[in-house]
Structure formats: C-alpha cells, structure tokens
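Coordinates as given in input-v7.txt (compact mmCIF, C-alpha atoms and all ligand atoms):
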# COMPACT_ATOMS: atom_id res chain seq x y z
CA MET A 304 0.00 0.00 0.00
CA LYS A 305 2.78 2.40 1.05
CA LYS A 306 4.75 1.46 -2.07
CA GLU A 307 1.71 2.18 -4.24
CA LYS A 308 1.35 5.60 -2.62
CA GLN A 309 4.95 6.41 -3.46
CA LYS A 310 4.63 5.34 -7.09
CA LEU A 311 4.74 8.46 -9.24
CA ALA A 312 1.43 9.33 -10.91
CA ILE A 313 3.27 9.85 -14.20
CA LEU A 314 4.30 6.16 -13.98
CA GLY A 315 0.80 4.95 -13.13
CA GLY A 316 0.61 5.61 -9.39
CA SER A 317 -2.19 7.56 -7.76
CA PRO A 318 -1.74 11.34 -7.78
CA THR A 319 -0.96 13.25 -4.58
CA ILE A 320 -4.03 15.43 -5.08
CA LYS A 321 -7.23 13.83 -6.33
CA SER A 322 -8.77 16.83 -8.08
CA LYS A 323 -7.17 18.21 -11.25
CA ARG A 324 -9.18 21.41 -11.02
CA SER A 325 -7.60 24.74 -10.15
CA HIS A 326 -6.59 24.92 -6.48
CA TYR A 327 -6.11 28.65 -6.35
CA GLN A 328 -8.50 31.51 -6.82
CA TRP A 329 -7.47 35.16 -6.80
CA PRO A 330 -8.69 37.70 -6.08
CA LYS A 331 -11.17 36.25 -3.64
CA ILE A 332 -14.59 37.58 -4.58
CA THR A 333 -15.86 38.50 -1.12
CA LYS A 334 -19.29 39.83 -0.17
CA SER A 335 -17.73 43.23 0.34
CA ILE A 336 -16.31 43.22 -3.23
CA GLU A 337 -19.70 42.19 -4.55
CA LYS A 338 -21.38 45.03 -2.64
CA ALA A 339 -18.76 47.58 -3.71
CA VAL A 340 -19.13 46.67 -7.39
CA ILE A 341 -22.91 46.93 -7.31
CA LYS A 342 -22.69 50.24 -5.46
CA GLN A 343 -20.22 51.52 -8.06
CA LEU A 344 -22.46 50.33 -10.93
CA TYR A 345 -25.13 52.74 -9.76
CA GLU A 346 -22.74 55.49 -8.72
CA GLY A 347 -21.08 55.70 -12.15
CA ILE A 348 -19.07 53.59 -14.55
CA SER A 349 -16.98 56.46 -15.94
CA ILE A 350 -15.04 58.88 -13.76
CA TYR A 351 -13.52 61.92 -15.49
CA ASP A 352 -11.81 63.63 -12.59
CA LYS A 353 -10.28 62.80 -9.23
CA SER A 354 -13.39 61.85 -7.32
CA GLY A 355 -15.35 58.92 -5.88
CA ILE A 356 -13.61 55.54 -5.87
CA PHE A 357 -10.60 56.95 -7.77
CA GLU A 358 -10.04 59.59 -5.12
CA ARG A 359 -10.44 57.10 -2.25
CA PHE A 360 -8.03 54.62 -3.84
CA GLU A 361 -5.44 57.23 -4.78
CA GLU A 362 -5.48 59.04 -1.43
CA ASN A 363 -5.04 55.79 0.49
CA PHE A 364 -2.47 54.35 -1.90
CA ALA A 365 -0.35 57.52 -1.82
CA LYS A 366 -0.50 57.63 1.99
CA TYR A 367 0.42 53.95 2.31
CA HIS A 368 3.49 54.60 0.14
CA GLU A 369 4.41 57.89 1.84
CA ARG A 370 4.06 59.77 -1.47
CA LYS A 371 2.29 63.00 -2.39
CA TYR A 372 0.46 61.66 -5.44
CA ALA A 373 -1.03 58.43 -6.77
CA LEU A 374 -2.58 58.20 -10.22
CA LEU A 375 -4.72 55.31 -11.38
CA CYS A 376 -4.33 54.08 -14.96
CA ASN A 377 -6.00 51.39 -17.04
CA SER A 378 -3.00 49.03 -16.86
CA GLY A 379 0.42 48.57 -15.34
CA THR A 380 1.87 49.07 -18.83
CA THR A 381 0.26 52.51 -19.21
CA ALA A 382 1.33 53.44 -15.67
CA ILE A 383 4.91 52.54 -16.65
CA HIS A 384 4.65 54.50 -19.90
CA SER A 385 3.42 57.46 -17.83
CA MET A 386 6.47 57.14 -15.55
CA PHE A 387 8.83 57.30 -18.53
CA VAL A 388 7.11 60.36 -19.99
CA ALA A 389 7.02 62.00 -16.55
CA ALA A 390 10.73 61.30 -16.09
CA GLY A 391 11.39 63.00 -19.43
CA PHE A 392 13.33 60.07 -20.98
CA LYS A 393 13.89 60.72 -24.68
CA GLN A 394 15.83 59.77 -27.79
CA GLY A 395 19.56 59.82 -27.07
CA ASP A 396 19.09 58.87 -23.42
CA GLU A 397 20.16 55.56 -21.97
CA VAL A 398 18.09 53.94 -19.27
CA ILE A 399 19.36 50.95 -17.29
CA CYS A 400 16.75 48.20 -17.01
CA PRO A 401 16.59 44.60 -15.78
CA ALA A 402 17.20 41.91 -18.39
CA TYR A 403 14.99 39.58 -16.33
CA THR A 404 11.53 41.09 -15.90
CA PHE A 405 8.13 40.97 -17.53
CA PHE A 406 8.69 42.82 -20.81
CA ALA A 407 6.18 45.60 -20.03
CA THR A 408 8.68 47.00 -17.52
CA VAL A 409 10.74 48.09 -20.53
CA THR A 410 8.60 48.11 -23.71
CA PRO A 411 7.04 51.55 -22.98
CA LEU A 412 10.57 52.95 -23.12
CA LEU A 413 10.56 52.18 -26.85
CA PHE A 414 7.72 54.71 -27.31
CA VAL A 415 9.84 57.53 -25.89
CA GLY A 416 12.86 56.52 -28.00
CA ALA A 417 15.34 56.02 -25.14
CA LYS A 418 17.79 53.15 -25.33
CA PRO A 419 17.24 50.30 -22.85
CA ILE A 420 20.53 49.15 -21.36
CA LEU A 421 19.81 45.71 -19.98
CA CYS A 422 21.52 44.35 -16.86
CA ASP A 423 21.97 40.83 -15.56
CA CYS A 424 20.38 39.64 -12.30
CA ASP A 425 21.32 38.47 -8.81
CA GLU A 426 20.47 35.09 -7.29
CA ASN A 427 16.82 36.08 -6.66
CA GLY A 428 16.33 37.24 -10.25
CA ASN A 429 16.52 40.94 -9.30
CA ILE A 430 18.73 43.45 -11.11
CA ASP A 431 22.31 43.22 -9.86
CA PRO A 432 23.64 46.54 -8.48
CA GLY A 433 27.19 45.56 -9.50
CA GLU A 434 26.02 45.28 -13.11
CA ILE A 435 24.21 48.64 -12.93
CA LYS A 436 27.48 50.34 -11.93
CA LYS A 437 29.26 48.90 -14.97
CA LYS A 438 26.68 50.30 -17.43
CA ILE A 439 26.62 53.94 -16.35
CA ASN A 440 27.99 56.55 -18.77
CA SER A 441 27.34 60.19 -19.63
CA LYS A 442 24.13 59.31 -21.53
CA THR A 443 22.58 57.39 -18.64
CA LYS A 444 19.51 59.17 -17.28
CA GLY A 445 17.84 56.63 -15.09
CA VAL A 446 17.58 53.16 -13.61
CA VAL A 447 14.44 51.05 -13.78
CA ILE A 448 14.08 48.12 -11.41
CA THR A 449 11.50 45.36 -10.90
CA HIS A 450 11.12 43.68 -7.53
CA MET A 451 10.83 40.25 -9.08
CA TRP A 452 8.16 37.90 -7.79
CA GLY A 453 7.67 40.22 -4.79
CA ILE A 454 11.20 40.14 -3.37
CA PRO A 455 12.72 43.60 -2.87
CA CYS A 456 15.80 44.47 -4.93
CA GLN A 457 19.04 45.38 -3.12
CA MET A 458 17.79 48.87 -2.34
CA ASP A 459 20.66 50.24 -0.20
CA GLU A 460 23.12 49.67 -3.03
CA ILE A 461 20.76 50.80 -5.82
CA VAL A 462 19.72 54.03 -4.06
CA LYS A 463 23.39 54.81 -3.37
CA ILE A 464 24.36 54.30 -7.02
CA CYS A 465 21.49 56.49 -8.28
CA LYS A 466 22.25 59.29 -5.82
CA LYS A 467 25.97 59.24 -6.54
CA ASN A 468 25.42 59.38 -10.31
CA LYS A 469 22.38 61.71 -10.19
CA LEU A 470 20.16 59.15 -11.92
CA LEU A 471 16.41 58.93 -11.66
CA LEU A 472 15.22 55.73 -10.01
CA LEU A 473 11.98 54.17 -11.23
CA GLU A 474 10.44 51.14 -9.54
CA ASP A 475 8.18 48.59 -11.19
CA CYS A 476 6.41 47.17 -8.14
CA SER A 477 3.91 45.08 -10.12
CA HIS A 478 4.94 41.91 -8.27
CA ALA A 479 5.42 43.49 -4.89
CA HIS A 480 2.36 45.33 -3.53
CA GLY A 481 2.97 46.08 0.14
CA ALA A 482 6.52 44.69 0.33
CA THR A 483 8.97 46.57 2.54
CA TYR A 484 12.72 47.03 2.72
CA LYS A 485 14.02 48.02 6.15
CA SER A 486 10.44 48.97 7.08
CA LYS A 487 10.08 51.33 4.13
CA PRO A 488 7.45 50.43 1.52
CA LEU A 489 8.65 49.55 -1.97
CA GLY A 490 7.54 52.29 -4.32
CA SER A 491 8.79 54.95 -1.90
CA PHE A 492 12.45 54.59 -2.88
CA GLY A 493 12.18 55.77 -6.46
CA ASP A 494 11.40 59.15 -8.01
CA LEU A 495 8.45 57.32 -9.56
CA ALA A 496 6.93 53.89 -9.06
CA ALA A 497 4.25 51.88 -10.85
CA TRP A 498 2.12 48.81 -10.10
CA SER A 499 -0.04 46.59 -12.24
CA LEU A 500 -3.47 45.85 -10.78
CA GLN A 501 -4.08 43.03 -13.22
CA GLY A 502 -5.00 39.37 -12.98
CA LEU A 503 -3.27 37.54 -10.16
CA LYS A 504 -1.40 40.58 -8.79
CA ASN A 505 -1.46 41.01 -5.02
CA VAL A 506 -3.82 43.96 -5.48
CA SER A 507 -6.02 43.21 -8.45
CA GLY A 508 -9.05 44.75 -10.09
CA GLY A 509 -8.87 42.40 -13.06
CA GLU A 510 -7.21 45.13 -15.12
CA GLY A 511 -5.65 48.39 -13.97
CA GLY A 512 -2.49 50.17 -12.93
CA VAL A 513 -1.32 52.91 -10.60
CA LEU A 514 1.74 55.11 -10.23
CA VAL A 515 3.04 57.27 -7.42
CA ALA A 516 5.15 60.43 -7.46
CA ASN A 517 6.31 63.13 -5.08
CA ASN A 518 7.35 65.70 -7.65
CA ASP A 519 4.60 68.06 -8.92
CA GLU A 520 5.95 68.33 -12.44
CA PHE A 521 6.32 64.55 -12.85
CA TYR A 522 2.73 64.15 -11.70
CA TYR A 523 1.41 66.83 -14.05
CA LYS A 524 3.16 65.18 -17.01
CA ALA A 525 1.63 61.82 -16.11
CA LEU A 526 -1.77 63.52 -15.93
CA LEU A 527 -1.23 65.21 -19.30
CA LEU A 528 -0.20 61.97 -20.98
CA GLY A 529 -3.36 60.01 -20.31
CA HIS A 530 -5.92 61.94 -18.26
CA TYR A 531 -6.90 64.93 -20.38
CA ASN A 532 -9.48 67.62 -19.77
CA LYS A 533 -11.33 67.49 -16.43
CA ARG A 534 -8.55 65.94 -14.36
CA CYS A 535 -5.88 68.20 -15.80
CA LYS A 536 -8.08 71.26 -15.25
CA GLN A 537 -8.83 70.14 -11.72
CA GLU A 538 -5.28 69.35 -10.66
CA ILE A 539 -2.77 71.40 -12.66
CA PRO A 540 -2.65 74.91 -11.19
CA LYS A 541 -3.96 77.58 -13.59
CA THR A 542 -0.68 79.46 -13.19
CA HIS A 543 1.44 76.46 -14.23
CA LYS A 544 3.09 76.48 -17.69
CA PHE A 545 1.37 73.16 -18.53
CA TYR A 546 -2.16 74.36 -17.76
CA LYS A 547 -2.66 75.59 -21.31
CA TYR A 548 -2.57 71.95 -22.48
CA ALA A 549 -5.25 70.83 -20.03
CA ILE A 550 -8.03 70.21 -22.61
CA THR A 551 -6.06 67.80 -24.80
CA GLY A 552 -3.22 66.79 -22.53
CA MET A 553 -0.82 64.83 -24.75
CA GLY A 554 -3.86 63.17 -26.26
CA LEU A 555 -3.77 59.63 -24.94
CA LYS A 556 -6.38 58.11 -22.66
CA TYR A 557 -5.14 55.95 -19.79
CA ARG A 558 -8.11 56.34 -17.42
CA ALA A 559 -9.03 53.35 -15.31
CA HIS A 560 -12.43 51.64 -15.12
CA PRO A 561 -14.30 52.42 -11.87
CA LEU A 562 -15.57 48.84 -11.46
CA ALA A 563 -12.03 47.50 -11.63
CA ILE A 564 -10.93 50.06 -9.06
CA ALA A 565 -13.86 49.22 -6.76
CA ILE A 566 -12.55 45.63 -6.74
CA ALA A 567 -8.90 46.65 -6.37
CA TYR A 568 -9.72 49.06 -3.52
CA ASN A 569 -11.35 46.28 -1.53
CA VAL A 570 -8.42 43.93 -2.12
CA PHE A 571 -6.01 46.72 -1.16
CA LYS A 572 -7.84 47.25 2.15
CA ASP A 573 -7.05 43.63 3.07
CA LEU A 574 -3.55 43.57 1.55
CA ASP A 575 -1.64 43.46 4.83
CA ALA A 576 -3.75 40.61 6.17
CA TYR A 577 -3.32 38.62 2.93
CA ARG A 578 0.41 39.34 2.92
CA LYS A 579 0.84 37.95 6.42
CA ILE A 580 -0.76 34.63 5.52
CA LYS A 581 1.14 34.37 2.23
CA ASN A 582 4.40 35.05 4.06
CA LYS A 583 3.69 32.32 6.62
CA PHE A 584 3.10 29.80 3.86
CA ALA A 585 6.16 31.05 1.98
CA LEU A 586 8.40 30.52 5.02
CA LYS A 587 7.03 27.02 5.45
CA ILE A 588 7.61 26.12 1.80
CA ILE A 589 11.09 27.69 1.82
CA LYS A 590 12.01 25.63 4.89
CA GLU A 591 10.92 22.46 3.12
CA LEU A 592 12.73 23.40 -0.10
CA ARG A 593 15.93 24.02 1.87
CA SER A 594 15.81 20.41 3.04
CA ILE A 595 15.96 19.20 -0.57
CA ASN A 596 19.39 19.12 -2.14
CA GLY A 597 18.95 20.48 -5.67
CA LEU A 598 16.01 22.87 -5.19
CA ALA A 599 17.11 26.42 -4.35
CA ALA A 600 14.63 28.61 -2.49
CA PRO A 601 14.74 32.42 -2.65
CA LYS A 602 17.15 34.01 -0.18
CA ILE A 603 15.49 36.63 1.99
CA LYS A 604 17.80 38.98 3.91
CA SER A 605 16.87 40.23 7.34
CA GLY A 606 14.95 43.52 7.30
CA VAL A 607 13.29 42.57 4.03
CA THR A 608 9.61 41.63 3.86
CA PRO A 609 8.56 40.34 0.46
CA SER A 610 5.02 40.51 -0.84
CA TRP A 611 4.77 37.13 -2.51
CA TYR A 612 3.31 37.40 -6.01
CA ALA A 613 4.60 33.87 -6.42
CA LEU A 614 7.28 31.73 -4.86
CA VAL A 615 9.85 30.95 -7.53
CA PHE A 616 12.48 28.33 -6.81
CA GLN A 617 15.32 26.98 -8.87
CA TYR A 618 15.75 23.43 -10.12
CA LYS A 619 19.41 22.40 -10.28
CA LYS A 620 19.53 19.56 -12.72
CA ASP A 621 23.15 18.63 -11.94
CA LYS A 622 21.90 17.45 -8.55
CA PHE A 623 19.44 15.11 -10.31
CA GLN A 624 21.78 13.35 -12.72
CA ASP A 625 20.89 15.91 -15.39
CA LEU A 626 17.21 15.00 -15.44
CA PRO A 627 15.66 17.77 -17.59
CA ILE A 628 13.37 20.24 -15.82
CA GLU A 629 10.61 19.34 -18.30
CA LYS A 630 10.50 15.81 -16.89
CA ILE A 631 10.30 16.93 -13.26
CA PHE A 632 7.65 19.46 -14.22
CA SER A 633 5.54 16.84 -16.03
CA ALA A 634 5.79 14.61 -12.97
CA PHE A 635 4.52 17.49 -10.76
CA GLN A 636 1.63 17.98 -13.15
CA ALA A 637 0.77 14.28 -13.10
CA GLU A 638 0.52 14.51 -9.30
CA ASN A 639 -2.21 17.09 -10.00
CA LEU A 640 -0.10 19.91 -8.58
CA THR A 641 -2.06 22.05 -11.02
CA GLU A 642 -0.74 25.34 -9.66
CA VAL A 643 2.93 24.50 -10.11
CA ASP A 644 4.01 26.47 -13.14
CA ARG A 645 7.02 27.42 -15.23
CA PRO A 646 6.97 31.19 -15.84
CA VAL A 647 7.32 31.36 -19.62
CA SER A 648 6.36 34.88 -20.75
CA THR A 649 8.48 36.48 -18.01
CA ALA A 650 11.65 35.79 -19.97
CA PRO A 651 15.00 37.56 -20.18
CA LEU A 652 14.37 40.34 -22.66
CA ASN A 653 17.39 39.43 -24.82
CA LEU A 654 15.53 36.24 -25.79
CA LEU A 655 12.62 38.21 -27.27
CA PRO A 656 12.62 39.34 -30.94
CA LEU A 657 11.54 42.87 -29.96
CA PHE A 658 14.82 43.35 -28.09
CA GLN A 659 16.89 41.62 -30.77
CA SER A 660 15.69 43.66 -33.74
CA PRO A 661 13.45 46.49 -32.58
CA GLU A 662 13.99 48.65 -35.70
CA GLU A 663 11.25 47.12 -37.87
CA LEU A 664 8.57 48.11 -35.37
CA PHE A 665 10.39 51.13 -33.92
CA PRO A 666 12.32 52.86 -36.74
CA VAL A 667 13.88 55.22 -34.20
CA TYR A 668 16.22 52.32 -33.38
CA LYS A 669 17.52 51.80 -36.93
CA ASN A 670 21.27 51.60 -37.51
CA ASN A 671 21.45 48.86 -34.92
CA LEU A 672 21.06 51.32 -32.05
CA PHE A 673 20.55 48.32 -29.82
CA SER A 674 20.32 44.61 -30.39
CA TYR A 675 20.47 41.92 -27.75
CA LYS A 676 21.00 38.23 -28.33
CA PRO A 677 20.77 34.92 -26.46
CA GLY A 678 23.78 34.48 -24.21
CA ASP A 679 24.06 38.17 -23.29
CA PHE A 680 22.75 37.66 -19.74
CA PRO A 681 23.80 34.21 -18.56
CA ARG A 682 22.54 34.56 -14.99
CA ALA A 683 19.09 35.77 -16.09
CA GLU A 684 18.88 33.00 -18.68
CA ASN A 685 19.90 30.39 -16.15
CA PHE A 686 17.38 31.67 -13.61
CA TYR A 687 14.65 31.65 -16.25
CA HIS A 688 15.31 28.16 -17.61
CA ASN A 689 15.39 26.62 -14.14
CA ALA A 690 12.50 28.51 -12.55
CA ILE A 691 9.52 26.74 -11.07
CA LYS A 692 6.70 28.79 -9.64
CA LEU A 693 4.09 28.25 -6.96
CA PRO A 694 1.30 30.62 -5.97
CA LEU A 695 0.94 31.54 -2.32
CA TRP A 696 -2.41 30.97 -0.76
CA THR A 697 -4.16 33.69 1.21
CA SER A 698 -6.41 31.96 3.70
CA LYS A 699 -5.47 30.04 6.83
CA LYS A 700 -7.84 27.34 5.56
CA ASP A 701 -5.42 26.75 2.69
CA ALA A 702 -2.83 25.20 5.02
CA LYS A 703 -3.97 21.73 3.97
CA MET A 704 -3.48 22.55 0.30
CA VAL A 705 0.00 23.94 0.97
CA ALA A 706 0.85 20.71 2.80
CA MET A 707 -0.39 18.67 -0.18
CA TYR A 708 1.78 20.63 -2.60
CA ILE A 709 4.82 20.13 -0.38
CA LYS A 710 4.02 16.43 -0.17
CA GLY A 711 3.66 16.14 -3.95
CA ILE A 712 6.93 17.98 -4.62
CA LYS A 713 8.79 15.79 -2.13
CA LYS A 714 7.30 12.62 -3.60
CA VAL A 715 8.51 13.50 -7.11
CA ILE A 716 11.95 14.54 -5.90
CA LYS A 717 12.37 11.40 -3.81
CA ASN A 718 11.59 9.24 -6.84
CA TYR A 719 13.37 11.24 -9.52
CA ARG A 720 15.62 8.32 -10.50
CA LYS A 721 12.58 6.55 -11.88
CA LEU A 722 12.24 9.36 -14.42
CA LEU A 723 15.75 9.05 -15.79
C1 LIG B 801 6.65 43.18 -13.65
C2 LIG B 801 5.47 43.62 -14.46
N1 LIG B 801 5.46 44.85 -14.98
C3 LIG B 801 4.44 45.29 -15.72
C4 LIG B 801 3.35 44.49 -15.99
C5 LIG B 801 2.28 44.99 -16.89
O1 LIG B 801 1.07 45.18 -16.22
P1 LIG B 801 -0.31 45.14 -16.98
O2 LIG B 801 -0.53 43.76 -17.46
O3 LIG B 801 -1.30 45.57 -15.94
O4 LIG B 801 -0.22 46.12 -18.10
C6 LIG B 801 3.31 43.20 -15.47
C7 LIG B 801 2.17 42.33 -15.75
O5 LIG B 801 2.17 41.14 -15.53
C8 LIG B 801 4.41 42.74 -14.70
O6 LIG B 801 4.45 41.50 -14.21

What is this file in structure tokens?
Ligand SMILES: Cc1ncc(COP(=O)(O)O)c(C=O)c1O
Amino acid sequence: MKKEKQKLAILGGSPTIKSKRSHYQWPKITKSIEKAVIKQLYEGISIYDKSGIFERFEENFAKYHERKYALLCNSGTTAIHSMFVAAGFKQGDEVICPAYTFFATVTPLLFVGAKPILCDCDENGNIDPGEIKKKINSKTKGVVITHMWGIPCQMDEIVKICKKNKLLLLEDCSHAHGATYKSKPLGSFGDLAAWSLQGLKNVSGGEGGVLVANNDEFYYKALLLGHYNKRCKQEIPKTHKFYKYAITGMGLKYRAHPLAIAIAYNVFKDLDAYRKIKNKFALKIIKELRSINGLAAPKIKSGVTPSWYALVFQYKKDKFQDLPIEKIFSAFQAENLTEVDRPVSTAPLNLLPLFQSPEELFPVYKNNLFSYKPGDFPRAENFYHNAIKLPLWTSKKDAKMVAMYIKGIKKVIKNYRKLL
C-alpha cells in the first residue's frame, strides 16, 4: 500500500491530489467586493476627474506609500509609460533596465525613444547593483528596477548608485504590492513607481495600474499623458506652464475603469492581512525546499519583507543526474499539482525578438542602435530556464493545500531516478 502511494502518478501511481481542477483563486470575490461593485455600478461607470472611488483609492495608496500623489491608470503598462514620460526620458538617453523582468517594464521605453541598457540579475532574479554600476555613462539618465516575484531588490546599493550618479530611479512594483525594505514600503524609494493591478497581482481589479510620485511636475506630465481635460483642469494649477494643455493633454487616454478600481480598492484594504498569511506559507515552503538538495529557495535577507506574487524556486539539474526540468515538471503535473508552473512569458528580454531587432517596429532604433541576443545575460537565462513557480495561498484554511503541494513535490523529488 505504502509502495503504491509512493509510485509516481506519471508512472501509473495515484496522484498526490485527487482533483485536477484549479486549487487557487485570486482575487477572492468576497461579499464586500460584490457590494462595492454593485454600489459603483449605480454610482457611475466612468469617472472623469479625481473623485469617488478613484479619489479614495489614490489618497489611500499615496499615503500607504508615503508619497504625495497616486494616479490610477487602465493598466500597469500605461502606468509605466506614464512614468517614462514624466521622467522625461527621450531619444539619445540611456536607461538601465533589468534583463529579467516581464517585458512591459521596458517596452514603454521604446515609445519615448530612449535606449534600454539591460543588466543581468542576482540570485533572486533581481537586477544586480554591481552590473548597474558597470553600465553607467554620460548618456545614462535613469535606472528602472522590478522587484521580481515580490522580493525587494538590493535597495541600499541601488539608491546609493542612483544618488551618486544623479540618476532617476523608477520602480516597477507590479509583483510586490505592500513589500517593505528596512520597514520602508517599496515604491517609496524611487522618483516614480508603478504597479499593475491586473489578474493575479497582489492587489487586483482584473485590469488596472497605478503610479506614485512626489514631484509636482512629474505628476502633471503623467496627468497630461493620459488623463486629459477634467482631471488636468482640476489638478494642474492655472498658473502652471502646462495648464494651457489641459483640454487635450498629450492626447492619450489611460483612465481606469471604476468597477475595476472598486474591486482593487477592496483587495487593497485587506492587503496586509493577505500578505501575512502568504508570508507564513512562503516561510514554510522555503524551509521544506531548503531540506531538498537540488532545489534552491529564494534568499530573503533580514529587514526585508517580500510581498509574494509567487514563490519561484530553482531546479538544479546537476543534482538530479541531469534529469531535464521538463521531466520533473511533467511529474509534478501528473501529481495534479495544477498550480505549479514554469513562468514562460516572463523571460530575459534578450531572448525576445523585440529586443533583438526592434527597428522594424520602432524605426527610431535603426542603424542597430541596440540589439540583444541569447547568451548576453547568462545569470538571467539560467534563472529563467530553471525557474519553477508556486502561488501563495491567502487563507489560513489553505494550510492543507500547501501541505499537499509540499508532499507532492517531495514525492517526485524522492523518486526522480525513476524518471531518468
Ligand atoms: C513586472 C510587471 N510589470 C508590468 C506588468 C504589466 O502590467 P499590466 O498587465 O497591468 O499592463 C506586469 C504584468 O504582468 C508585470 O508583471
């Protein structure tokens, strides 16, 4: 009987978890979300200025991040584009960016014509401060960072480098809502910061984005880019040089949808409670992973509190007689560990055609202004190819499910030789 239980499901044994269905739902659609959405439906499904649910979200979000302004947008991508326009990045400028991130951290830079200077990562997949230092020259105007999978970047070093070289620091916090570094919230280190409020993000409205700023002029430029007319008239002082553009702004429309923000606002209110539970599960999983030779868990330094978007660990195939990751992954799937995933679209940017030959879609980059290729960022590529991802559950009731996933992972690892 015991032997049968240990037989891998991929080899005909019974799976660790009976049900193949999804074991993770996010965001949790609570009664209070349901009520808030219905209330918002009747209150208004378009908001043209800073009022109602937009105002409540922005005021609270700015306060939480110790910033003067927050501005909701219709996606994380448009919030990031707004940061780049606000920062004034332009053709001829170089901006240092992570090679390993979701591509939307960097793609909006192509619309302002600045050159992305990609940098390799550290052992957690975050941009490596040592690499940043090497890439700075007289054309460098800023550094963009992503706190990958919710783990804060090495902020002491990065802030020091930016200050010393008078570079703007921009944070993509899309994976890291509510994370802190030495008690300071992520998003409050940079001159500008942006979050996605999409899909499975720790604060989600289904779709949406938000940025924060402290500098008036940065904020006005972000308003002008995508929030024309009423909001610009309401918030840019009549005496300011930009006020004359208030009607048209720069002509784009990046306004959020009030129903999405009603959802996101309710999730945001419970963020700290969700984070606590996720962190407890993360610590438990990390402890278990550490006991397995060949699976490397993220390394969390003291004073750092991640906000787990996902827990990404590394598979070291040399510790498993070179058994390919695909085989281990298929065995996890056969155990019905449905939520174990390999993050595919979050790939090192040098592996993507847009960063290898951007000039066909963005003629501003003709004459080979930049062109990356496989092999340019070995640490990022290695991290990517060996990454396995788990979601972190948000309710104490999920403890049983977490235990089942740990059991399933251990079962596969223990029997890996049978997959050779
Ligand atoms: C790190 C990061 N930045 C930016 C984005 C883009 O956000 P959105 O999908 O809301 O445009 C994402 C989305 O997954 C992301 O993971």

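Remark: for His560 of chain A, the closest of the candidate residues A:Ile313, A:Ile603, A:Ile420, A:Ile348 is A:Ile348 (distances computed over only C-alpha atoms).
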
> Can you tell me which residues sit at most 8 Å away from ligand LIG 801 (chain B), counting only C-alpha atoms and all ligand atoms, written as a VMD selection string?
Replying inline: chain A and resid 377 to 383 404 to 408 449 to 451 475 to 478 498 to 502 504 510 to 512 649

> Could you pull the residues within 10 Å of Ile589 of chain A, counting only C-alpha atoms, minus those fewer than 2 positions along the same chain, as a ChimeraX atom specification?
Replying inline: /A:583-587,591-594,598-603,614-616

Around (16.9, 36.6, -27.4), as given in the file, which residues come within 12 Å? Count all atoms listed in the file and list them as a CSV table (one decimal) with C-alpha atoms, keeping the file's coordinate frame.
chain,number,residue,atom,x,y,z
A,402,ALA,CA,17.2,41.9,-18.4
A,403,TYR,CA,15.0,39.6,-16.3
A,650,ALA,CA,11.6,35.8,-20.0
A,651,PRO,CA,15.0,37.6,-20.2
A,652,LEU,CA,14.4,40.3,-22.7
A,653,ASN,CA,17.4,39.4,-24.8
A,654,LEU,CA,15.5,36.2,-25.8
A,655,LEU,CA,12.6,38.2,-27.3
A,656,PRO,CA,12.6,39.3,-30.9
A,657,LEU,CA,11.5,42.9,-30.0
A,658,PHE,CA,14.8,43.4,-28.1
A,659,GLN,CA,16.9,41.6,-30.8
A,660,SER,CA,15.7,43.7,-33.7
A,661,PRO,CA,13.4,46.5,-32.6
A,674,SER,CA,20.3,44.6,-30.4
A,675,TYR,CA,20.5,41.9,-27.8
A,676,LYS,CA,21.0,38.2,-28.3
A,677,PRO,CA,20.8,34.9,-26.5
A,678,GLY,CA,23.8,34.5,-24.2
A,679,ASP,CA,24.1,38.2,-23.3
A,680,PHE,CA,22.8,37.7,-19.7
A,681,PRO,CA,23.8,34.2,-18.6
A,683,ALA,CA,19.1,35.8,-16.1
A,684,GLU,CA,18.9,33.0,-18.7

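Among the candidate residues A:Val667, A:Ala549, A:Ala373, A:Val506, the one lying nearest to Phe521 of chain A is A:Ala373, with distances computed using only C-alpha atoms.
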
> Could you pull the residues within 12 Å of Tyr367 of chain A, counting all atoms listed in the file, minus those fewer than 5 positions along the same chain, as a VMD selection string?
Replying inline: chain A and resid 360 to 362 372 to 373 480 to 483 487 to 491 515 571 to 572 574 to 575

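Of note, atom CA of Phe623 of chain A and atom CA of Lys717 of chain A are spaced 10.3 Å apart.
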
> Any idea what's packed within 12 Å of Gly597 of chain A, counting all atoms listed in the file, ignoring anything in its chain fewer than 4 positions away? Could you give it as number ranges by chain?
Replying inline: A: 592-593, 616-626, 628, 689, 713, 716-717, 719

>> Please report the interatomic distance between atom CA of Gly391 of chain A and atom CA of Leu527 of chain A in Å with one decimal.
In response: 12.8 Å

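The space separating atom CA of Ile332 of chain A from atom CA of Trp696 of chain A comes to 14.4 Å.
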
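Proximity to Asn429 of chain A was assessed for A:Pro627, A:Arg682, A:Gly355, A:Val647 counting all atoms listed in the file; the smallest distance is recorded for A:Arg682.
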
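For the point (4.8, 52.8, -25.0), the residues with an atom at a distance of at most 9 Å are Thr380, Thr381, Ile383, His384, Ser385, Phe387, Ala407, Val409, Thr410, Pro411, Leu412, Leu413, Phe414 and Val415 of chain A, counting all atoms listed in the file.
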
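Restricting the calculation to only C-alpha atoms, the smallest distance between Arg534 of chain A and any of A:Met386, A:Ile631, A:Leu374, A:Leu314 is found for A:Leu374.
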
> For Phe492 of chain A, which of A:Glu369, A:Tyr612, A:Leu421, A:Gly606 is the closest residue, counting only C-alpha atoms?
Replying inline: A:Glu369
